[in-house]
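Asks: target-v2.pdb is the file, holding PDB, C-alpha atoms:
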ATOM      1  CA  MET A 734     129.105 100.404 102.961
ATOM      2  CA  SER A 735     125.800  99.229 104.419
ATOM      3  CA  ARG A 736     123.916 100.599 107.404
ATOM      4  CA  VAL A 737     123.225  97.988 110.102
ATOM      5  CA  VAL A 738     121.385  98.157 113.440
ATOM      6  CA  VAL A 739     123.386  96.671 116.328
ATOM      7  CA  PHE A 740     123.368  96.689 120.130
ATOM      8  CA  ASP A 741     126.149  96.049 122.629
ATOM      9  CA  GLU A 742     124.024  95.541 125.737
ATOM     10  CA  THR A 743     120.423  94.564 126.416
ATOM     11  CA  GLY A 744     117.894  97.081 127.622
ATOM     12  CA  ALA A 745     115.461  99.738 126.420
ATOM     13  CA  PRO A 746     115.087 100.598 122.715
ATOM     14  CA  GLU A 747     117.797 103.224 123.092
ATOM     15  CA  VAL A 748     120.467 100.491 123.132
ATOM     16  CA  LEU A 749     119.917 100.163 119.361
ATOM     17  CA  ARG A 750     122.299 102.114 117.156
ATOM     18  CA  ILE A 751     123.049 102.312 113.431
ATOM     19  CA  ILE A 752     126.585 101.757 112.151
ATOM     20  CA  ASP A 753     128.234 101.398 108.745
ATOM     21  CA  GLU A 754     129.690  98.053 107.735
ATOM     22  CA  PRO A 755     131.262  96.768 104.506
ATOM     23  CA  VAL A 756     128.793  95.119 102.154
ATOM     24  CA  GLY A 757     129.530  91.403 102.240
ATOM     25  CA  ASP A 758     129.789  89.238  99.143
ATOM     26  CA  PRO A 759     127.687  86.059  98.892
ATOM     27  CA  GLY A 760     129.508  82.761  99.170
ATOM     28  CA  ILE A 761     128.712  79.434  97.539
ATOM     29  CA  ASP A 762     124.924  78.891  97.304
ATOM     30  CA  GLU A 763     124.245  82.299  98.852
ATOM     31  CA  VAL A 764     122.482  85.455  97.668
ATOM     32  CA  ARG A 765     122.857  89.056  98.739
ATOM     33  CA  ILE A 766     119.655  91.034  99.208
ATOM     34  CA  LYS A 767     119.230  94.786  99.024
ATOM     35  CA  VAL A 768     116.647  95.182 101.762
ATOM     36  CA  GLU A 769     113.574  97.321 101.105
ATOM     37  CA  ALA A 770     111.548  96.692 104.264
ATOM     38  CA  ILE A 771     111.662  94.654 107.470
ATOM     39  CA  GLY A 772     108.946  93.381 109.793
ATOM     40  CA  ILE A 773     109.284  94.002 113.527
ATOM     41  CA  ASN A 774     108.482  91.030 115.767
ATOM     42  CA  ARG A 775     108.139  90.307 119.483
ATOM     43  CA  LEU A 776     111.196  88.076 119.251
ATOM     44  CA  ASP A 777     113.230  91.172 118.320
ATOM     45  CA  GLN A 778     111.988  92.988 121.413
ATOM     46  CA  MET A 779     112.752  90.015 123.650
ATOM     47  CA  ALA A 780     116.304  89.700 122.314
ATOM     48  CA  ARG A 781     116.975  93.402 122.692
ATOM     49  CA  ALA A 782     115.537  93.507 126.226
ATOM     50  CA  GLY A 783     117.470  90.479 127.474
ATOM     51  CA  MET A 784     114.542  88.036 127.493
ATOM     52  CA  SER A 785     115.535  85.930 124.499
ATOM     53  CA  PRO A 786     114.807  82.192 124.766
ATOM     54  CA  ARG A 787     118.336  81.577 123.426
ATOM     55  CA  PRO A 788     121.668  83.297 124.238
ATOM     56  CA  ILE A 789     122.480  86.502 122.331
ATOM     57  CA  ARG A 790     126.099  86.938 121.305
ATOM     58  CA  MET A 791     127.325  90.435 122.195
ATOM     59  CA  PRO A 792     128.732  92.951 121.665
ATOM     60  CA  HIS A 793     127.702  93.961 118.163
ATOM     61  CA  ALA A 794     124.546  91.827 118.188
ATOM     62  CA  ARG A 795     122.002  92.218 115.417
ATOM     63  CA  LEU A 796     118.228  91.889 115.233
ATOM     64  CA  GLY A 797     115.596  90.824 112.739
ATOM     65  CA  VAL A 798     114.188  87.636 111.206
ATOM     66  CA  GLU A 799     111.896  89.164 108.584
ATOM     67  CA  ALA A 800     112.635  91.167 105.440
ATOM     68  CA  THR A 801     111.927  91.658 101.781
ATOM     69  CA  GLY A 802     114.035  93.161  99.020
ATOM     70  CA  THR A 803     115.740  92.415  95.712
ATOM     71  CA  ILE A 804     118.687  90.169  94.959
ATOM     72  CA  ASP A 805     121.727  92.265  93.987
ATOM     73  CA  ALA A 806     124.458  89.595  93.944
ATOM     74  CA  LEU A 807     124.627  85.833  93.421
ATOM     75  CA  GLY A 808     127.142  83.428  94.897
ATOM     76  CA  ALA A 809     128.668  80.526  93.000
ATOM     77  CA  GLY A 810     126.331  77.638  92.390
ATOM     78  CA  VAL A 811     123.084  79.561  92.823
ATOM     79  CA  GLU A 812     120.435  78.491  90.331
ATOM     80  CA  GLY A 813     116.893  79.679  89.749
ATOM     81  CA  TRP A 814     117.520  83.276  90.829
ATOM     82  CA  ALA A 815     118.625  86.385  88.958
ATOM     83  CA  ILE A 816     119.832  89.810  90.017
ATOM     84  CA  GLY A 817     116.793  92.034  90.470
ATOM     85  CA  ASP A 818     114.426  89.267  91.614
ATOM     86  CA  ALA A 819     112.108  90.400  94.419
ATOM     87  CA  VAL A 820     112.231  87.974  97.361
ATOM     88  CA  VAL A 821     110.968  87.392 100.895
ATOM     89  CA  VAL A 822     113.238  86.016 103.642
ATOM     90  CA  THR A 823     111.921  82.787 105.191
ATOM     91  CA  ALA A 824     114.328  82.010 108.047
ATOM     92  CA  VAL A 825     117.179  83.635 109.979
ATOM     93  CA  PRO A 826     118.030  81.176 112.784
ATOM     94  CA  ASP A 827     121.175  83.136 113.719
ATOM     95  CA  MET A 828     119.529  86.556 114.085
ATOM     96  CA  ASP A 829     122.165  87.935 116.445
ATOM     97  CA  ILE A 830     124.811  87.425 113.728
ATOM     98  CA  ASN A 831     122.875  87.899 110.472
ATOM     99  CA  GLY A 832     119.761  89.821 111.515
ATOM    100  CA  THR A 833     117.700  91.614 108.889
ATOM    101  CA  TYR A 834     117.868  95.132 110.376
ATOM    102  CA  ALA A 835     120.303  96.226 107.653
ATOM    103  CA  GLU A 836     120.506  97.689 104.178
ATOM    104  CA  HIS A 837     122.042  94.464 102.829
ATOM    105  CA  ILE A 838     121.945  90.868 104.062
ATOM    106  CA  VAL A 839     123.603  87.689 102.801
ATOM    107  CA  LEU A 840     121.691  84.420 103.160
ATOM    108  CA  PRO A 841     121.656  80.883 101.754
ATOM    109  CA  ALA A 842     119.601  80.867  98.559
ATOM    110  CA  ASP A 843     117.183  78.343 100.067
ATOM    111  CA  ARG A 844     116.213  80.878 102.749
ATOM    112  CA  VAL A 845     114.253  83.080 100.326
ATOM    113  CA  ILE A 846     111.091  82.708  98.253
ATOM    114  CA  ALA A 847     109.745  84.821  95.421
ATOM    115  CA  ARG A 848     107.740  87.813  96.579
ATOM    116  CA  PRO A 849     104.086  87.091  95.719
ATOM    117  CA  ALA A 850     102.822  89.141  92.791
ATOM    118  CA  GLY A 851     100.721  92.096  93.835
ATOM    119  CA  LEU A 852     102.493  92.710  97.150
ATOM    120  CA  ASP A 853     104.500  95.886  97.602
ATOM    121  CA  ALA A 854     107.562  95.835  99.851
ATOM    122  CA  THR A 855     105.704  97.081 102.929
ATOM    123  CA  SER A 856     103.049  94.361 102.731
ATOM    124  CA  ALA A 857     105.620  91.693 101.849
ATOM    125  CA  ALA A 858     107.629  92.569 104.970
ATOM    126  CA  ALA A 859     104.508  91.831 107.038
ATOM    127  CA  LEU A 860     103.767  88.483 105.417
ATOM    128  CA  TRP A 861     106.085  85.627 106.228
ATOM    129  CA  VAL A 862     106.562  85.381 109.991
ATOM    130  CA  ALA A 863     102.917  85.912 110.917
ATOM    131  CA  TYR A 864     101.362  83.867 108.139
ATOM    132  CA  SER A 865     103.847  80.995 108.141
ATOM    133  CA  THR A 866     103.434  80.712 111.924
ATOM    134  CA  ALA A 867      99.636  80.676 111.737
ATOM    135  CA  TYR A 868      99.652  78.257 108.789
ATOM    136  CA  GLY A 869     102.205  75.930 110.358
ATOM    137  CA  ALA A 870     100.365  75.763 113.666
ATOM    138  CA  LEU A 871      96.838  75.489 112.295
ATOM    139  CA  VAL A 872      97.260  73.487 109.092
ATOM    140  CA  GLU A 873     100.474  71.497 109.460
ATOM    141  CA  LYS A 874     100.219  70.665 113.184
ATOM    142  CA  ALA A 875      96.531  70.932 114.161
ATOM    143  CA  ALA A 876      95.145  69.727 110.790
ATOM    144  CA  MET A 877      92.520  72.487 110.621
ATOM    145  CA  ARG A 878      89.594  71.535 108.412
ATOM    146  CA  PRO A 879      86.498  73.307 107.003
ATOM    147  CA  GLY A 880      83.904  73.737 109.730
ATOM    148  CA  HIS A 881      86.372  73.614 112.623
ATOM    149  CA  HIS A 882      85.833  76.269 115.293
ATOM    150  CA  VAL A 883      89.190  77.930 115.987
ATOM    151  CA  LEU A 884      89.681  80.077 119.099
ATOM    152  CA  ILE A 885      92.459  82.642 118.499
ATOM    153  CA  THR A 886      94.021  84.605 121.369
ATOM    154  CA  ALA A 887      95.856  87.925 120.903
ATOM    155  CA  ALA A 888      93.702  88.166 117.805
ATOM    156  CA  SER A 889      94.778  91.712 116.915
ATOM    157  CA  SER A 890      98.445  90.707 116.722
ATOM    158  CA  SER A 891      99.947  89.993 113.320
ATOM    159  CA  VAL A 892      99.790  86.230 113.963
ATOM    160  CA  GLY A 893      96.211  86.500 115.231
ATOM    161  CA  LEU A 894      95.028  88.450 112.203
ATOM    162  CA  ALA A 895      96.821  86.009 109.892
ATOM    163  CA  ALA A 896      95.134  83.100 111.675
ATOM    164  CA  ILE A 897      91.686  84.652 111.183
ATOM    165  CA  GLN A 898      92.292  85.030 107.451
ATOM    166  CA  ILE A 899      93.805  81.552 107.054
ATOM    167  CA  ALA A 900      90.908  79.973 108.947
ATOM    168  CA  ASN A 901      88.480  81.675 106.578
ATOM    169  CA  GLN A 902      90.526  80.596 103.564
ATOM    170  CA  ILE A 903      90.252  76.971 104.716
ATOM    171  CA  GLY A 904      86.562  77.291 105.584
ATOM    172  CA  ALA A 905      86.967  77.112 109.361
ATOM    173  CA  VAL A 906      85.197  79.401 111.844
ATOM    174  CA  PRO A 907      87.553  81.868 113.598
ATOM    175  CA  LEU A 908      86.602  83.074 117.090
ATOM    176  CA  ALA A 909      88.776  86.050 118.076
ATOM    177  CA  VAL A 910      89.869  86.757 121.652
ATOM    178  CA  THR A 911      91.005  90.239 122.661
ATOM    179  CA  ARG A 912      91.338  92.223 125.871
ATOM    180  CA  HIS A 913      89.938  95.438 124.414
ATOM    181  CA  ALA A 914      86.373  96.068 123.242
ATOM    182  CA  ALA A 915      87.704  98.851 120.998
ATOM    183  CA  LYS A 916      89.230  96.188 118.741
ATOM    184  CA  ARG A 917      85.955  94.311 118.194
ATOM    185  CA  ASP A 918      84.983  96.088 114.964
ATOM    186  CA  ILE A 919      88.468  95.690 113.475
ATOM    187  CA  LEU A 920      88.462  91.964 114.194
ATOM    188  CA  LEU A 921      84.992  91.494 112.748
ATOM    189  CA  ALA A 922      86.036  93.418 109.631
ATOM    190  CA  THR A 923      89.092  91.174 109.329
ATOM    191  CA  GLY A 924      86.831  88.127 109.214
ATOM    192  CA  ALA A 925      86.277  86.921 112.777
ATOM    193  CA  ALA A 926      82.966  85.081 113.123
ATOM    194  CA  ALA A 927      82.705  86.339 116.710
ATOM    195  CA  VAL A 928      84.811  88.388 119.124
ATOM    196  CA  ILE A 929      85.287  87.480 122.799
ATOM    197  CA  VAL A 930      86.459  90.442 124.930
ATOM    198  CA  THR A 931      88.180  89.134 128.044
ATOM    199  CA  ASP A 932      87.564  92.348 129.994
ATOM    200  CA  HIS A 933      83.843  91.544 129.842
ATOM    201  CA  ASP A 934      83.384  87.925 128.717
ATOM    202  CA  ASP A 935      84.244  84.580 130.250
ATOM    203  CA  VAL A 936      86.311  82.839 127.566
ATOM    204  CA  VAL A 937      85.098  79.333 128.356
ATOM    205  CA  GLU A 938      81.430  80.274 128.554
ATOM    206  CA  ALA A 939      81.564  82.433 125.431
ATOM    207  CA  THR A 940      83.395  79.759 123.437
ATOM    208  CA  HIS A 941      80.827  77.134 124.337
ATOM    209  CA  ARG A 942      78.054  79.555 123.482
ATOM    210  CA  HIS A 943      79.501  80.188 120.008
ATOM    211  CA  THR A 944      80.056  76.464 119.392
ATOM    212  CA  ALA A 945      76.625  75.218 120.516
ATOM    213  CA  GLY A 946      78.171  73.837 123.689
ATOM    214  CA  ALA A 947      80.803  71.711 121.959
ATOM    215  CA  GLY A 948      83.934  73.782 122.600
ATOM    216  CA  ALA A 949      86.616  74.845 120.131
ATOM    217  CA  ASP A 950      88.170  72.227 117.878
ATOM    218  CA  ILE A 951      91.451  74.168 117.921
ATOM    219  CA  VAL A 952      92.788  76.845 120.263
ATOM    220  CA  LEU A 953      95.669  78.946 118.908
ATOM    221  CA  ASP A 954      97.381  80.727 121.796
ATOM    222  CA  SER A 955     100.064  83.409 121.560
ATOM    223  CA  VAL A 956      99.865  84.444 125.227
ATOM    224  CA  MET A 957     100.596  81.481 127.581
ATOM    225  CA  GLY A 958     100.682  82.615 131.235
ATOM    226  CA  PRO A 959      98.104  81.722 133.908
ATOM    227  CA  GLY A 960      95.215  81.772 131.434
ATOM    228  CA  LEU A 961      96.458  78.680 129.612
ATOM    229  CA  ALA A 962      94.440  76.265 131.764
ATOM    230  CA  GLN A 963      91.251  78.228 131.103
ATOM    231  CA  LEU A 964      91.876  78.101 127.369
ATOM    232  CA  ALA A 965      92.200  74.339 127.614
ATOM    233  CA  ASP A 966      88.731  74.229 129.195
ATOM    234  CA  ALA A 967      87.408  76.131 126.153
ATOM    235  CA  ALA A 968      88.578  73.350 123.825
ATOM    236  CA  LYS A 969      86.436  70.379 122.830
ATOM    237  CA  PRO A 970      87.036  67.536 125.333
ATOM    238  CA  PHE A 971      89.207  64.641 124.085
ATOM    239  CA  SER A 972      89.398  65.779 120.435
ATOM    240  CA  GLY A 973      90.324  69.436 121.019
ATOM    241  CA  ILE A 974      93.836  70.705 120.226
ATOM    242  CA  LEU A 975      95.594  73.575 122.001
ATOM    243  CA  VAL A 976      98.552  74.968 120.026
ATOM    244  CA  THR A 977     100.807  77.555 121.654
ATOM    245  CA  VAL A 978     102.867  79.803 119.370
ATOM    246  CA  GLY A 979     104.071  82.603 121.648
ATOM    247  CA  TRP A 980     104.595  83.773 125.200
ATOM    248  CA  LEU A 981     103.291  87.338 125.490
ATOM    249  CA  ASP A 982     102.600  86.718 129.198
ATOM    250  CA  PRO A 983     105.917  85.792 130.900
ATOM    251  CA  ARG A 984     104.225  84.509 134.072
ATOM    252  CA  PRO A 985     104.206  80.769 134.750
ATOM    253  CA  ALA A 986     101.669  78.800 132.744
ATOM    254  CA  PRO A 987      99.985  75.935 134.635
ATOM    255  CA  PHE A 988      99.876  72.698 132.673
ATOM    256  CA  PRO A 989      96.278  72.064 131.579
ATOM    257  CA  VAL A 990      94.528  69.047 133.081
ATOM    258  CA  SER A 991      91.707  69.021 130.529
ATOM    259  CA  PRO A 992      91.596  65.929 128.268
ATOM    260  CA  ILE A 993      92.928  67.588 125.125
ATOM    261  CA  THR A 994      96.015  67.456 122.910
ATOM    262  CA  MET A 995      98.567  70.207 123.565
ATOM    263  CA  ILE A 996     101.246  71.213 121.040
ATOM    264  CA  ARG A 997     104.100  73.703 121.526
ATOM    265  CA  TYR A 998     104.737  74.997 118.015
ATOM    266  CA  MET A 999     108.103  76.447 116.971
ATOM    267  CA  SER A1000     108.073  77.907 113.463
ATOM    268  CA  PHE A1001     111.636  76.797 112.589
ATOM    269  CA  GLU A1002     110.234  73.267 112.442
ATOM    270  CA  HIS A1003     108.855  74.231 109.029
ATOM    271  CA  THR A1004     110.737  77.358 107.934
ATOM    272  CA  LEU A1005     114.057  75.456 107.931
ATOM    273  CA  ASP A1006     112.532  72.621 105.880
ATOM    274  CA  PRO A1007     112.673  73.482 102.136
ATOM    275  CA  VAL A1008     109.785  71.130 101.311
ATOM    276  CA  ALA A1009     107.550  72.662 103.990
ATOM    277  CA  VAL A1010     108.553  76.162 102.869
ATOM    278  CA  ARG A1011     107.364  75.355  99.347
ATOM    279  CA  ARG A1012     103.988  74.211 100.740
ATOM    280  CA  ILE A1013     103.646  77.363 102.826
ATOM    281  CA  ALA A1014     104.683  79.615  99.949
ATOM    282  CA  ALA A1015     102.168  77.969  97.601
ATOM    283  CA  PHE A1016      99.367  78.387 100.124
ATOM    284  CA  LEU A1017     100.177  82.016 100.879
ATOM    285  CA  THR A1018     100.676  82.944  97.228
ATOM    286  CA  ALA A1019      97.281  81.463  96.376
ATOM    287  CA  GLY A1020      95.685  83.376  99.235
ATOM    288  CA  ILE A1021      97.262  86.646  98.141
ATOM    289  CA  ARG A1022      96.164  86.046  94.548
ATOM    290  CA  THR A1023      92.528  85.407  95.506
ATOM    291  CA  GLY A1024      92.406  88.188  98.080
ATOM    292  CA  ALA A1025      91.750  85.825 100.998
ATOM    293  CA  LEU A1026      95.033  86.909 102.606
ATOM    294  CA  HIS A1027      96.064  90.530 102.992
ATOM    295  CA  PRO A1028      98.711  91.555 105.555
ATOM    296  CA  THR A1029      97.525  94.149 108.049
ATOM    297  CA  ILE A1030      99.946  97.041 108.554
ATOM    298  CA  ASP A1031      99.732  98.918 111.843
ATOM    299  CA  SER A1032     102.394 101.548 111.186
ATOM    300  CA  VAL A1033     105.484 102.241 109.085
ATOM    301  CA  PHE A1034     108.795 103.695 110.298
ATOM    302  CA  THR A1035     112.130 104.327 108.587
ATOM    303  CA  LEU A1036     115.409 102.722 109.632
ATOM    304  CA  ASP A1037     116.492 106.017 111.171
ATOM    305  CA  ASP A1038     113.474 105.711 113.494
ATOM    306  CA  ILE A1039     114.184 102.140 114.650
ATOM    307  CA  VAL A1040     114.197 103.213 118.311
ATOM    308  CA  ALA A1041     110.748 104.786 117.908
ATOM    309  CA  ALA A1042     109.516 101.624 116.173
ATOM    310  CA  HIS A1043     110.566  99.540 119.177
ATOM    311  CA  HIS A1044     108.937 101.964 121.600
ATOM    312  CA  HIS A1045     105.704 101.620 119.605
ATOM    313  CA  LEU A1046     106.001  97.833 119.773
ATOM    314  CA  GLU A1047     106.463  97.921 123.550
ATOM    315  CA  GLN A1048     103.266  99.933 124.025
ATOM    316  CA  GLY A1049     101.318  96.893 122.819
ATOM    317  CA  HIS A1050      98.467  98.798 121.157
ATOM    318  CA  GLN A1051      99.217  97.919 117.547
ATOM    319  CA  VAL A1052      96.826  96.053 115.288
ATOM    320  CA  GLY A1053      98.869  94.081 112.772
ATOM    321  CA  LYS A1054     102.503  94.464 111.832
ATOM    322  CA  ILE A1055     104.974  97.273 112.458
ATOM    323  CA  VAL A1056     107.136  97.688 109.352
ATOM    324  CA  VAL A1057     110.408  99.569 108.892
ATOM    325  CA  THR A1058     111.312 100.721 105.383
ATOM    326  CA  ILE A1059     114.877 101.105 104.153
TER     327      ILE A1059
END
Would it be possible to restate this file's structure as structure tokens?
Replies:
Amino acid sequence: MSRVVVFDETGAPEVLRIIDEPVGDPGIDEVRIKVEAIGINRLDQMARAGMSPRPIRMPHARLGVEATGTIDALGAGVEGWAIGDAVVVTAVPDMDINGTYAEHIVLPADRVIARPAGLDATSAAALWVAYSTAYGALVEKAAMRPGHHVLITAASSSVGLAAIQIANQIGAVPLAVTRHAAKRDILLATGAAAVIVTDHDDVVEATHRHTAGAGADIVLDSVMGPGLAQLADAAKPFSGILVTVGWLDPRPAPFPVSPITMIRYMSFEHTLDPVAVRRIAAFLTAGIRTGALHPTIDSVFTLDDIVAAHHHLEQGHQVGKIVVTI
């Protein structure tokens, strides 16, 4: 049997419960993974709370799009993998059916990559979603180049911290935006060239000050909401690119009127494309090997404490990724 987290109704973290289910066998071109750790994401919270952007099939819905572990069974036709290989999950588009909050998961073999050498399970569980999202938005979609000034909102989130590191790896200049002055030192230590604190600073004015009046070449926004139009004004006119990757603020977001390019990035555009996944994996593995990339862990819980992990996520004070070990 395998322990699995499920919920039968949406609501507070207490709707989550752990049950025992038979361990499934992998089918053709599938692998079974013995999960060691999972990453907790805002998408999980939204699904559990009834705010998912897509319908959740209940009862007995599952959660989780991020995990790492070792292969413990191979389906027919699987090549290139062996039992015992350490892997990272790259995509779970049907989270409510096959979510990663479990001791075992069965996935198509092309939905995993090798765990980068030097990463333990906790760090590996914090890698893929944040870093593939930041890479896909900045490199694949916005064509970030050395010397570009990149304005990053929600900079202390796992995606924000990944974006700071990836910008530095490319040779761009990351400008971090946060609401809290207490996070300034952490963001500078992570590699931000400057930190803009929205409780005290005007984002547009500060961005222009840090870019010699030019504005940001790229704005990476995880927040949306009413501040979206202001972020557009912080971008370089005509050539600036605003990429949105999240919606932490559920309030309506006015469409920017500034003369910039706006992109709504959805990570499945790349994480369901095997060729793009290989590019992302190569980039991240190189960054891990050189030390340019290093996942930031906020806190670690066990599966038995999954409700507490979700309460911690809802408080919104974390810096980096919340990880649950199994």
Asks: Could you check how far atom CA of Ala782 of chain A sits from atom CA of Asn831 of chain A, in Å to one decimal?
Replies: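 Atom-to-atom, atom CA of Ala782 of chain A to atom CA of Asn831 of chain A, that is 18.3 Å.
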Asks: Would you mind telling me which residue in A:Ala1025, A:Ala870, A:Leu953, A:Val756 lies nearest to Asn901 of chain A when using all atoms listed in the file?
Replies: A:Ala1025
Asks: Ranking A:Phe1034, A:Asp950, A:Pro841, A:Val1057 by minimum distance to Thr801 of chain A and counting all atoms listed in the file, which one comes first?
Replies: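 Closest to Thr801 of chain A of all the choices is A:Val1057.
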Asks: Determine, counting only C-alpha atoms, which protein, DNA and RNA residues have an atom within 6 Å of an atom of Ile951 of chain A; residues of the same chain fewer than 3 positions away are not included. Present the result as number ranges by chain.
Replies: A: 883, 973-975
Asks: Quick one: distance from atom CA of Ala794 of chain A to atom CA of Pro1007 of chain A in Å, one decimal?
Replies: 27.1 Å
Asks: Could you tell me, as number ranges by chain, which residues have any atom at most 9 Å from (97.5, 68.9, 118.8), counting only C-alpha atoms?
Replies: A: 874-876, 951, 972-976, 993-997
Asks: What would the list of residues within 10 Å of (115.2, 83.7, 98.7) (file frame) look like as a PDB file with C-alpha atoms, in the coordinates of the input, if all atoms listed in the file are what count?
Replies:
ATOM      1  CA  GLU A 763     124.245  82.299  98.852  1.00  0.00           C
ATOM      2  CA  VAL A 764     122.482  85.455  97.668  1.00  0.00           C
ATOM      3  CA  ARG A 765     122.857  89.056  98.739  1.00  0.00           C
ATOM      4  CA  ILE A 766     119.655  91.034  99.208  1.00  0.00           C
ATOM      5  CA  THR A 801     111.927  91.658 101.781  1.00  0.00           C
ATOM      6  CA  GLY A 802     114.035  93.161  99.020  1.00  0.00           C
ATOM      7  CA  THR A 803     115.740  92.415  95.712  1.00  0.00           C
ATOM      8  CA  ILE A 804     118.687  90.169  94.959  1.00  0.00           C
ATOM      9  CA  GLY A 813     116.893  79.679  89.749  1.00  0.00           C
ATOM     10  CA  TRP A 814     117.520  83.276  90.829  1.00  0.00           C
ATOM     11  CA  ASP A 818     114.426  89.267  91.614  1.00  0.00           C
ATOM     12  CA  ALA A 819     112.108  90.400  94.419  1.00  0.00           C
ATOM     13  CA  VAL A 820     112.231  87.974  97.361  1.00  0.00           C
ATOM     14  CA  VAL A 821     110.968  87.392 100.895  1.00  0.00           C
ATOM     15  CA  VAL A 822     113.238  86.016 103.642  1.00  0.00           C
ATOM     16  CA  THR A 823     111.921  82.787 105.191  1.00  0.00           C
ATOM     17  CA  ALA A 824     114.328  82.010 108.047  1.00  0.00           C
ATOM     18  CA  LEU A 840     121.691  84.420 103.160  1.00  0.00           C
ATOM     19  CA  PRO A 841     121.656  80.883 101.754  1.00  0.00           C
ATOM     20  CA  ALA A 842     119.601  80.867  98.559  1.00  0.00           C
ATOM     21  CA  ASP A 843     117.183  78.343 100.067  1.00  0.00           C
ATOM     22  CA  ARG A 844     116.213  80.878 102.749  1.00  0.00           C
ATOM     23  CA  VAL A 845     114.253  83.080 100.326  1.00  0.00           C
ATOM     24  CA  ILE A 846     111.091  82.708  98.253  1.00  0.00           C
ATOM     25  CA  ALA A 847     109.745  84.821  95.421  1.00  0.00           C
ATOM     26  CA  ARG A 848     107.740  87.813  96.579  1.00  0.00           C
TER      27      ARG A 848
END
Asks: Check what the PyMOL selection byres ((chain A and resi 867) around 9) selects in the file above and give those residues as a PyMOL selection string.
Replies: chain A and resi 862-866+868-872+892-893+895-897+899+953+978
Asks: Hey, what's within 7 Å of Gly924 of chain A if we count only C-alpha atoms and toss same-chain stuff fewer than 3 positions away? As a PyMOL selection string, please?
Replies: chain A and resi 897-898+920-921
Asks: Would you work out the distance separating atom CA of Asp827 of chain A from atom CA of Ser785 of chain A, expressed in Å to one decimal?
Replies: 12.5 Å
Asks: Looking at A:Ile1030, A:Leu964, A:Ala905, A:Ala850, which one is nearest to Met877 of chain A, with distances taken over only C-alpha atoms?
Replies: A:Ala905
Asks: If the PyMOL selection byres ((chain A and resi 931) around 8) were run on this exact file, what residues would it hold? Put them as a PyMOL selection string.
Replies: chain A and resi 910-913+929-930+932-936
Asks: For this structure, which residues satisfy the selection - the PyMOL selection byres ((chain A and resi 1051) around 12) - when it is evaluated on the file as given? I want them as a CSV table (one decimal) with C-alpha atoms, in the coordinates of the input.
Replies:
chain,number,residue,atom,x,y,z
A,773,ILE,CA,109.3,94.0,113.5
A,774,ASN,CA,108.5,91.0,115.8
A,775,ARG,CA,108.1,90.3,119.5
A,887,ALA,CA,95.9,87.9,120.9
A,888,ALA,CA,93.7,88.2,117.8
A,889,SER,CA,94.8,91.7,116.9
A,890,SER,CA,98.4,90.7,116.7
A,891,SER,CA,99.9,90.0,113.3
A,894,LEU,CA,95.0,88.4,112.2
A,913,HIS,CA,89.9,95.4,124.4
A,916,LYS,CA,89.2,96.2,118.7
A,919,ILE,CA,88.5,95.7,113.5
A,1029,THR,CA,97.5,94.1,108.0
A,1030,ILE,CA,99.9,97.0,108.6
A,1031,ASP,CA,99.7,98.9,111.8
A,1032,SER,CA,102.4,101.5,111.2
A,1033,VAL,CA,105.5,102.2,109.1
A,1042,ALA,CA,109.5,101.6,116.2
A,1043,HIS,CA,110.6,99.5,119.2
A,1044,HIS,CA,108.9,102.0,121.6
A,1045,HIS,CA,105.7,101.6,119.6
A,1046,LEU,CA,106.0,97.8,119.8
A,1047,GLU,CA,106.5,97.9,123.6
A,1048,GLN,CA,103.3,99.9,124.0
A,1049,GLY,CA,101.3,96.9,122.8
A,1050,HIS,CA,98.5,98.8,121.2
A,1052,VAL,CA,96.8,96.1,115.3
A,1053,GLY,CA,98.9,94.1,112.8
A,1054,LYS,CA,102.5,94.5,111.8
A,1055,ILE,CA,105.0,97.3,112.5
A,1056,VAL,CA,107.1,97.7,109.4
Asks: Give me, as a ChimeraX atom specification, all polymer residues having an atom no more than 8 Å from Gly904 of chain A, counting all atoms listed in the file and skipping those fewer than 3 positions away in the same chain.
Replies: /A:878-881,900-901
Asks: Show which residues sit within 12 Å of Ile789 of chain A, as a list in words. Count all atoms listed in the file, and ignore same-chain residues fewer than 4 positions away.
Replies: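 Contacts, in chain order: Val739, Phe740, Asp741, Glu742, Thr743, Leu776, Asp777, Met779, Ala780, Arg781, Ala782, Gly783, Met784, Ser785, His793, Ala794, Arg795, Leu796, Pro826, Asp827, Met828, Asp829, Ile830, Asn831 and Gly832 of chain A.
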Asks: Just checking: using all atoms listed in the file, which residue out of A:Asp1006, A:Glu873, A:Asp966, A:Glu799 ends up closest to Ser856 of chain A?
Replies: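 Counting all atoms listed in the file, the residue closest to Ser856 of chain A is A:Glu799.
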Asks: Just the residues within 12 Å of Thr1023 of chain A, please, counting all atoms listed in the file, with nothing from its chain fewer than 5 positions along; format it as a list of chain:residue names.
Replies: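 Contacts, in chain order: A:Pro849, A:Ala850, A:Gly851, A:Gln898, A:Gln902, A:Phe1016, A:Leu1017, A:Thr1018.
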Asks: Can you report as AutoDock Vina command-line options the centre and edge lengths in Å, to one decimal, of an axis-aligned box around the listed atoms of segment 1028-1038 of chain A padded with 8 Å on each side?
Replies:
--center_x 107.0 --center_y 98.8 --center_z 109.5 --size_x 35.0 --size_y 30.5 --size_z 23.9
Asks: Considering all atoms listed in the file, state which residue in the set A:Ala926, A:Ile816, A:Ala914, A:Ile771 is at the smallest distance from Gly797 of chain A.
Replies: A:Ile771
Asks: I need the residue nearest Arg736 of chain A from this list: A:Val990, A:Ala1041, A:Ala835, A:Val1010. Use only C-alpha atoms for the distance.
Replies: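 Answer, going by the shortest atom-to-atom distance: A:Ala835.
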